[in-house]
>>> print(open('upload_10.cif').read())   # mmCIF, C-alpha atoms and all ligand atoms
data_data
loop_
_atom_site.label_atom_id
_atom_site.label_comp_id
_atom_site.auth_asym_id
_atom_site.auth_seq_id
_atom_site.Cartn_x
_atom_site.Cartn_y
_atom_site.Cartn_z
CA MET A 86 92.56 103.65 108.02
CA LYS A 87 94.63 101.24 105.91
CA ARG A 88 98.38 101.16 106.33
CA ILE A 89 101.22 101.39 103.85
CA LEU A 90 104.53 100.02 105.12
CA LEU A 91 107.47 101.89 103.61
CA THR A 92 110.96 100.65 104.42
CA GLY A 93 114.49 101.99 103.85
CA PHE A 94 117.95 100.66 104.59
CA ASP A 95 120.84 101.67 106.82
CA PRO A 96 123.86 103.16 105.01
CA PHE A 97 126.26 100.55 103.61
CA GLY A 98 129.45 100.26 101.59
CA GLY A 99 131.13 103.17 103.40
CA GLU A 100 128.33 105.67 102.70
CA LEU A 101 127.21 108.05 105.46
CA SER A 102 123.54 108.01 104.51
CA ASN A 103 121.13 105.90 102.53
CA PRO A 104 118.55 107.78 100.45
CA SER A 105 116.07 104.94 100.91
CA TRP A 106 115.82 105.56 104.65
CA GLU A 107 115.93 109.35 104.24
CA VAL A 108 112.91 109.13 101.90
CA ALA A 109 111.02 106.64 104.09
CA ARG A 110 111.47 108.55 107.33
CA GLY A 111 110.62 111.80 105.56
CA LEU A 112 107.25 110.33 104.63
CA ASP A 113 106.41 108.76 108.00
CA ALA A 114 102.76 109.27 109.07
CA ARG A 115 101.78 110.90 105.74
CA LEU A 116 98.30 110.25 104.43
CA VAL A 117 97.94 108.96 100.89
CA ASP A 118 94.54 109.37 99.24
CA ASP A 119 92.82 110.03 102.58
CA ASP A 120 92.32 106.44 103.67
CA HIS A 121 95.90 105.13 103.72
CA GLN A 122 98.59 106.12 106.19
CA ILE A 123 102.32 105.53 105.82
CA VAL A 124 104.22 103.70 108.56
CA VAL A 125 107.95 103.16 108.24
CA ALA A 126 110.66 100.70 109.25
CA GLN A 127 114.44 100.93 108.93
CA LEU A 128 116.08 97.71 107.79
CA PRO A 129 119.71 96.79 108.50
CA CYS A 130 121.81 96.15 105.41
CA GLU A 131 122.38 92.60 106.62
CA PHE A 132 121.29 89.37 105.01
CA ALA A 133 120.67 87.64 108.34
CA SER A 134 118.53 90.20 110.17
CA SER A 135 116.85 92.29 107.47
CA LEU A 136 114.00 89.87 106.87
CA GLN A 137 113.43 89.33 110.59
CA ILE A 138 112.97 93.07 111.08
CA LEU A 139 110.72 93.24 108.01
CA GLU A 140 108.60 90.33 109.23
CA ALA A 141 108.17 91.97 112.65
CA ALA A 142 107.00 95.20 110.97
CA LEU A 143 104.55 93.27 108.75
CA ARG A 144 103.07 91.56 111.81
CA GLN A 145 102.93 94.76 113.84
CA TYR A 146 101.34 97.00 111.21
CA GLN A 147 99.30 94.55 109.07
CA PRO A 148 99.75 96.80 106.02
CA SER A 149 97.71 96.50 102.84
CA ILE A 150 100.55 97.88 100.69
CA VAL A 151 104.26 97.26 101.27
CA LEU A 152 106.94 99.17 99.41
CA CYS A 153 110.58 98.52 100.22
CA LEU A 154 113.10 101.09 99.01
CA GLY A 155 116.82 100.68 98.40
CA GLN A 156 119.74 102.73 97.12
CA ALA A 157 121.07 101.85 93.68
CA GLY A 158 124.17 104.03 93.39
CA GLY A 159 124.79 104.95 89.76
CA ARG A 160 121.26 104.40 88.52
CA VAL A 161 119.89 107.49 86.83
CA ASP A 162 116.21 107.33 87.75
CA ILE A 163 113.60 105.84 90.04
CA SER A 164 113.62 102.20 89.04
CA VAL A 165 110.59 100.08 89.71
CA GLU A 166 111.69 96.51 90.19
CA ARG A 167 109.75 93.85 88.31
CA ILE A 168 111.22 90.60 89.66
CA ALA A 169 112.95 89.16 92.74
CA ILE A 170 115.18 86.11 92.33
CA ASN A 171 116.00 83.35 94.79
CA ILE A 172 119.73 83.91 95.04
CA ASN A 173 122.17 85.78 97.24
CA ASP A 174 125.52 86.56 95.60
CA ALA A 175 127.19 89.41 97.47
CA ARG A 176 129.85 91.56 95.81
CA ILE A 177 130.81 93.27 99.09
CA PRO A 178 130.28 92.15 102.69
CA ASP A 179 127.03 93.28 104.31
CA ASN A 180 127.05 95.44 107.45
CA ALA A 181 127.52 92.32 109.61
CA GLY A 182 130.46 91.09 107.48
CA ALA A 183 128.49 88.32 105.74
CA LEU A 184 129.34 87.58 102.10
CA PRO A 185 126.99 84.85 100.85
CA VAL A 186 127.80 83.50 97.40
CA ASP A 187 125.21 81.55 95.43
CA VAL A 188 122.99 80.75 98.39
CA PRO A 189 119.18 80.77 97.97
CA VAL A 190 117.19 83.41 99.85
CA VAL A 191 114.66 80.70 100.73
CA ALA A 192 115.85 77.10 100.39
CA GLY A 193 113.36 75.24 98.22
CA GLY A 194 111.52 78.44 97.26
CA PRO A 195 110.51 79.24 93.68
CA ALA A 196 113.20 80.67 91.38
CA ALA A 197 111.55 84.09 91.35
CA TYR A 198 108.57 86.21 92.29
CA PHE A 199 107.04 89.06 90.33
CA SER A 200 106.25 92.31 92.12
CA SER A 201 102.55 92.62 92.87
CA LEU A 202 102.75 96.41 92.53
CA PRO A 203 101.33 97.90 89.31
CA VAL A 204 104.87 98.56 88.03
CA LYS A 205 103.93 100.07 84.66
CA ALA A 206 101.28 102.31 86.22
CA ILE A 207 103.89 103.55 88.71
CA MET A 208 106.41 104.25 85.94
CA HIS A 209 103.73 106.08 83.96
CA ALA A 210 102.55 108.19 86.93
CA LEU A 211 106.13 109.18 87.76
CA ARG A 212 106.84 110.25 84.18
CA GLN A 213 103.56 112.19 84.07
CA ALA A 214 104.75 114.01 87.18
CA GLY A 215 108.02 114.88 85.42
CA ILE A 216 110.16 112.45 87.42
CA PRO A 217 112.49 110.14 85.47
CA ALA A 218 111.49 106.51 86.01
CA SER A 219 111.90 103.10 84.42
CA ILE A 220 111.20 99.43 84.93
CA SER A 221 114.18 97.45 86.18
CA GLN A 222 114.42 93.76 85.33
CA THR A 223 116.81 92.98 88.18
CA ALA A 224 117.20 94.17 91.74
CA GLY A 225 120.70 92.66 91.80
CA THR A 226 121.81 89.82 94.07
CA TYR A 227 122.63 91.73 97.24
CA VAL A 228 120.54 92.66 100.30
CA CYS A 229 117.87 94.54 98.32
CA ASN A 230 116.97 91.53 96.17
CA HIS A 231 117.13 89.39 99.34
CA VAL A 232 114.56 91.62 101.06
CA PHE A 233 112.42 91.87 97.91
CA TYR A 234 112.31 88.09 97.50
CA GLY A 235 111.69 87.51 101.21
CA LEU A 236 108.91 90.10 101.18
CA MET A 237 107.14 88.44 98.25
CA HIS A 238 107.56 85.03 99.89
CA MET A 239 106.02 86.23 103.18
CA ALA A 240 103.31 88.26 101.44
CA GLN A 241 101.90 85.08 99.90
CA LYS A 242 100.80 83.96 103.35
CA MET A 243 99.59 87.32 104.62
CA ASP A 244 96.06 87.99 103.40
CA HIS A 245 96.10 91.63 104.46
CA ILE A 246 98.80 92.44 101.87
CA ARG A 247 97.18 93.52 98.62
CA GLN A 248 100.31 94.80 96.87
CA ALA A 249 104.03 94.43 97.65
CA GLY A 250 107.24 95.26 95.85
CA PHE A 251 110.50 97.13 95.63
CA ILE A 252 111.80 100.39 94.16
CA HIS A 253 115.47 101.36 93.79
CA ILE A 254 116.37 105.05 94.00
CA PRO A 255 119.52 106.93 92.96
CA TYR A 256 122.15 108.59 95.12
CA LEU A 257 121.42 111.82 96.94
CA PRO A 258 123.38 114.80 95.54
CA ALA A 259 125.76 114.78 98.53
CA GLN A 260 126.66 111.15 97.83
CA ALA A 261 127.23 111.80 94.14
CA MET A 262 129.73 114.54 95.03
CA ALA A 263 132.00 111.76 96.27
CA SER A 264 131.63 109.77 93.02
CA PRO A 265 132.22 112.27 90.21
CA GLY A 266 129.99 111.59 87.23
CA ALA A 267 127.43 109.59 89.20
CA ALA A 268 123.76 110.48 88.80
CA SER A 269 121.73 111.77 91.73
CA MET A 270 118.25 113.02 92.62
CA SER A 271 117.21 115.45 95.34
CA LEU A 272 115.50 114.20 98.48
CA GLU A 273 112.42 116.33 97.76
CA VAL A 274 112.00 114.92 94.24
CA MET A 275 112.44 111.37 95.51
CA LYS A 276 109.92 111.88 98.33
CA SER A 277 107.39 113.32 95.94
CA GLY A 278 108.10 110.46 93.50
CA ILE A 279 107.46 107.81 96.13
CA LEU A 280 104.19 109.48 97.14
CA THR A 281 103.21 109.49 93.45
CA ALA A 282 104.12 105.79 93.23
CA LEU A 283 101.94 104.98 96.24
CA GLU A 284 99.00 106.93 94.81
CA ALA A 285 99.39 104.91 91.61
CA CYS A 286 99.26 101.69 93.65
CA ILE A 287 95.97 102.72 95.26
CA LEU A 288 94.45 103.86 91.96
CA ASN A 289 95.55 100.86 89.89
CA THR A 290 94.39 97.53 91.21
CA GLN A 291 95.25 96.19 87.73
CA ASP A 292 98.47 97.20 86.01
CA LEU A 293 98.54 99.18 82.78
CA ARG A 294 99.84 97.61 79.59
CA LEU A 295 102.65 99.95 78.58
CA GLY A 296 106.04 99.28 77.06
CA GLY A 297 108.79 99.16 79.64
CA GLY A 298 110.99 96.38 78.38
CA ALA A 299 114.74 96.37 77.96
CA ASN A 300 117.41 94.30 76.29
CA HIS A 301 119.28 93.86 79.54
N1 LIG B 1 120.98 98.96 98.47
C1 LIG B 1 121.60 97.66 98.45
C2 LIG B 1 121.30 97.07 99.81
C3 LIG B 1 120.83 98.20 100.65
C4 LIG B 1 120.57 99.30 99.72
O1 LIG B 1 120.06 100.38 100.01
C5 LIG B 1 121.17 96.80 97.27
O2 LIG B 1 120.81 97.36 96.22
O3 LIG B 1 121.19 95.58 97.38
#
>>> encode(input="upload_10.cif", output="structure tokens")
Amino acid sequence: MKRILLTGFDPFGGELSNPSWEVARGLDARLVDDDHQIVVAQLPCEFASSLQILEAALRQYQPSIVLCLGQAGGRVDISVERIAININDARIPDNAGALPVDVPVVAGGPAAYFSSLPVKAIMHALRQAGIPASISQTAGTYVCNHVFYGLMHMAQKMDHIRQAGFIHIPYLPAQAMASPGAASMSLEVMKSGILTALEACILNTQDLRLGGGANH
């Protein structure tokens, strides 16, 4: 049985929950396409420790697919991240109080890494399933991008990892109640969407060539 590592974050920024962890833990132990099983890890929303916890989970589980999830409050759909950049520039302190500004994730590392997930195939599969989805050209410069970049950096040296990347998900409805006008998506739809995304990863060893560009 191959393993899929699915991660989510602790709540941050005064929120009581984080949809990324609610989705990940809700999918723990699920089988995907019969020969892959989901294992999960909860990452702290902290620059300093998040990648240590992720690295420990990668070593423990030796997954063939790694999908890290994060909350993107205000985004309207499931956004499949295309690129991780080598910069931390925090707008608010992380859960440990750290506020790095213009510090590389990995000193001396390349400027960016592309996701090795089939991002267009994932977007397409989600839309086919009736779940709003898009390609995102930036995961921001906070802890999510930090984890995404660190994941891609580590994955280079871990032969067991076939595909790795990051998906941002919207607020849960309960969170959006506190921010009138903000978009949200139900936990059930997001869980089903992430399962669909993982099936698309297994089915598509090569990405599809579909439009998914943006002007920003
Ligand atoms: N979202 C934040 C960090 C943790 C999370 O769930 C981000 O987008 O950087």
>>> closest_residue(input="upload_10.cif", among="A:Glu284, A:Asp179, A:Asp162, A:Asp244", to="A:Gly215", atoms="all atoms listed in the file")
A:Asp162
>>> closest_residue(input="upload_10.cif", among="A:Leu236, A:Ile279, A:Ala268, A:Val124", to="A:Arg160", atoms="all atoms listed in the file")
A:Ala268
>>> atom_distance(input="upload_10.cif", atom1="atom CA of A:Arg212", atom2="atom CA of A:Arg294")
15.2 Å
>>> closest_atom_pairs(input="upload_10.cif", of="chain A", to="ligand LIG 1 (chain B)", cutoff="7 Å", atoms="only C-alpha atoms and all ligand atoms", output="Markdown table")
| residue | atom | partner | partner_atom | distance |
| --- | --- | --- | --- | --- |
| A:Gly93 | CA | B:LIG1 | O1 | 7.0 |
| A:Phe94 | CA | B:LIG1 | O1 | 5.1 |
| A:Asp95 | CA | B:LIG1 | O1 | 7.0 |
| A:Pro96 | CA | B:LIG1 | O1 | 6.9 |
| A:Phe97 | CA | B:LIG1 | C3 | 6.6 |
| A:Asn103 | CA | B:LIG1 | O1 | 6.2 |
| A:Ser105 | CA | B:LIG1 | O1 | 6.1 |
| A:Cys130 | CA | B:LIG1 | C3 | 5.3 |
| A:Gly155 | CA | B:LIG1 | O1 | 3.6 |
| A:Gln156 | CA | B:LIG1 | O1 | 3.7 |
| A:Ala157 | CA | B:LIG1 | O2 | 5.2 |
| A:Ala224 | CA | B:LIG1 | O2 | 6.6 |
| A:Gly225 | CA | B:LIG1 | O3 | 6.3 |
| A:Thr226 | CA | B:LIG1 | O3 | 6.7 |
| A:Tyr227 | CA | B:LIG1 | O3 | 4.1 |
| A:Val228 | CA | B:LIG1 | O3 | 4.2 |
| A:Cys229 | CA | B:LIG1 | O3 | 3.6 |
| A:Asn230 | CA | B:LIG1 | O3 | 6.0 |
>>> write_last_selection(input="upload_10.cif", atoms="C-alpha atoms", output="mmCIF file, in the frame of the given file")
data_model
loop_
_atom_site.group_PDB
_atom_site.id
_atom_site.type_symbol
_atom_site.label_atom_id
_atom_site.label_comp_id
_atom_site.auth_asym_id
_atom_site.auth_seq_id
_atom_site.Cartn_x
_atom_site.Cartn_y
_atom_site.Cartn_z
ATOM 1 C CA GLY A 93 114.490 101.990 103.850
ATOM 2 C CA PHE A 94 117.950 100.660 104.590
ATOM 3 C CA ASP A 95 120.840 101.670 106.820
ATOM 4 C CA PRO A 96 123.860 103.160 105.010
ATOM 5 C CA PHE A 97 126.260 100.550 103.610
ATOM 6 C CA ASN A 103 121.130 105.900 102.530
ATOM 7 C CA SER A 105 116.070 104.940 100.910
ATOM 8 C CA CYS A 130 121.810 96.150 105.410
ATOM 9 C CA GLY A 155 116.820 100.680 98.400
ATOM 10 C CA GLN A 156 119.740 102.730 97.120
ATOM 11 C CA ALA A 157 121.070 101.850 93.680
ATOM 12 C CA ALA A 224 117.200 94.170 91.740
ATOM 13 C CA GLY A 225 120.700 92.660 91.800
ATOM 14 C CA THR A 226 121.810 89.820 94.070
ATOM 15 C CA TYR A 227 122.630 91.730 97.240
ATOM 16 C CA VAL A 228 120.540 92.660 100.300
ATOM 17 C CA CYS A 229 117.870 94.540 98.320
ATOM 18 C CA ASN A 230 116.970 91.530 96.170
#
>>> closest_residue(input="upload_10.cif", among="A:Leu154, A:Ile170, A:Pro203, A:Glu131", to="A:Pro185", atoms="all atoms listed in the file")
A:Glu131
>>> axis_aligned_box(input="upload_10.cif", around="stretch 158-173 of chain A", padding_each_side="6 Å", output="lines of an AutoDock Vina configuration file")
center_x = 117.3
center_y = 95.4
center_z = 92.0
size_x = 27.0
size_y = 36.1
size_z = 22.4
>>> closest_atom_pairs(input="upload_10.cif", of="stretch 245-298 of chain A", to="stretch 115-122 of chain A", cutoff="12 Å", atoms="all atoms listed in the file", output="Markdown table")
| residue | atom | partner | partner_atom | distance |
| --- | --- | --- | --- | --- |
| A:Lys276 | CA | A:Arg115 | CA | 11.1 |
| A:Ser277 | CA | A:Val117 | CA | 11.5 |
| A:Ile279 | CA | A:Val117 | CA | 10.7 |
| A:Leu280 | CA | A:Val117 | CA | 7.3 |
| A:Thr281 | CA | A:Val117 | CA | 9.1 |
| A:Ala282 | CA | A:Val117 | CA | 10.3 |
| A:Leu283 | CA | A:Val117 | CA | 7.3 |
| A:Glu284 | CA | A:Val117 | CA | 6.5 |
| A:Ala285 | CA | A:Asp118 | CA | 10.1 |
| A:Cys286 | CA | A:Val117 | CA | 10.3 |
| A:Ile287 | CA | A:Asp118 | CA | 7.9 |
| A:Leu288 | CA | A:Asp118 | CA | 9.1 |
>>> residues_around(input="upload_10.cif", residues="A:His238", least_positions_apart="3", cutoff="12 Å", atoms="only C-alpha atoms", output="list of chain:residue names")
A:Leu136, A:Leu139, A:Glu140, A:Ala169, A:Ile170, A:Asn171, A:Val190, A:Val191, A:Ala192, A:Gly193, A:Gly194, A:Pro195, A:Ala196, A:Ala197, A:Tyr198, A:Phe199, A:Ser200, A:Ser201, A:His231, A:Val232, A:Phe233, A:Tyr234, A:Gly235, A:Gln241, A:Lys242, A:Met243, A:Ile246, A:Ala249, A:Gly250
>>> atom_distance(input="upload_10.cif", atom1="atom CA of A:Arg144", atom2="atom CA of A:Gly182")
27.7 Å
>>> residues_around(input="upload_10.cif", residues="A:Ala142", least_positions_apart="2", cutoff="12 Å", atoms="all atoms listed in the file", output="PyMOL selection string")
chain A and resi 88-92+124-128+135-140+144-148+151+153+236+239
>>> closest_residue(input="upload_10.cif", among="A:Arg176, A:His301, A:Lys205, A:Arg167", to="A:His253", atoms="all atoms listed in the file")
A:Arg167
>>> atom_distance(input="upload_10.cif", atom1="atom CA of A:Gly298", atom2="atom CA of A:His209")
13.3 Å
>>> residues_around(input="upload_10.cif", residues="A:Ala206", least_positions_apart="6", cutoff="7 Å", atoms="all atoms listed in the file", output="list in words")
Ala285, Asn289, Asp292 and Leu293 of chain A
>>> closest_residue(input="upload_10.cif", among="A:Met208, A:Ile123, A:Gln213, A:Ile177", to="A:Arg110", atoms="all atoms listed in the file")
A:Ile123
>>> closest_residue(input="upload_10.cif", among="A:Ala267, A:Met86, A:Leu152, A:Ala261", to="A:Ile207", atoms="only C-alpha atoms")
A:Leu152
>>> residues_around(input="upload_10.cif", residues="A:Leu272", least_positions_apart="6", cutoff="8 Å", atoms="only C-alpha atoms", output="VMD selection string")
chain A and resid 104 107 to 108 257
>>> residues_around(input="upload_10.cif", residues="A:Glu166", least_positions_apart="3", cutoff="6 Å", atoms="only C-alpha atoms", output="list in words")
Ser221, Phe251 and Ile252 of chain A
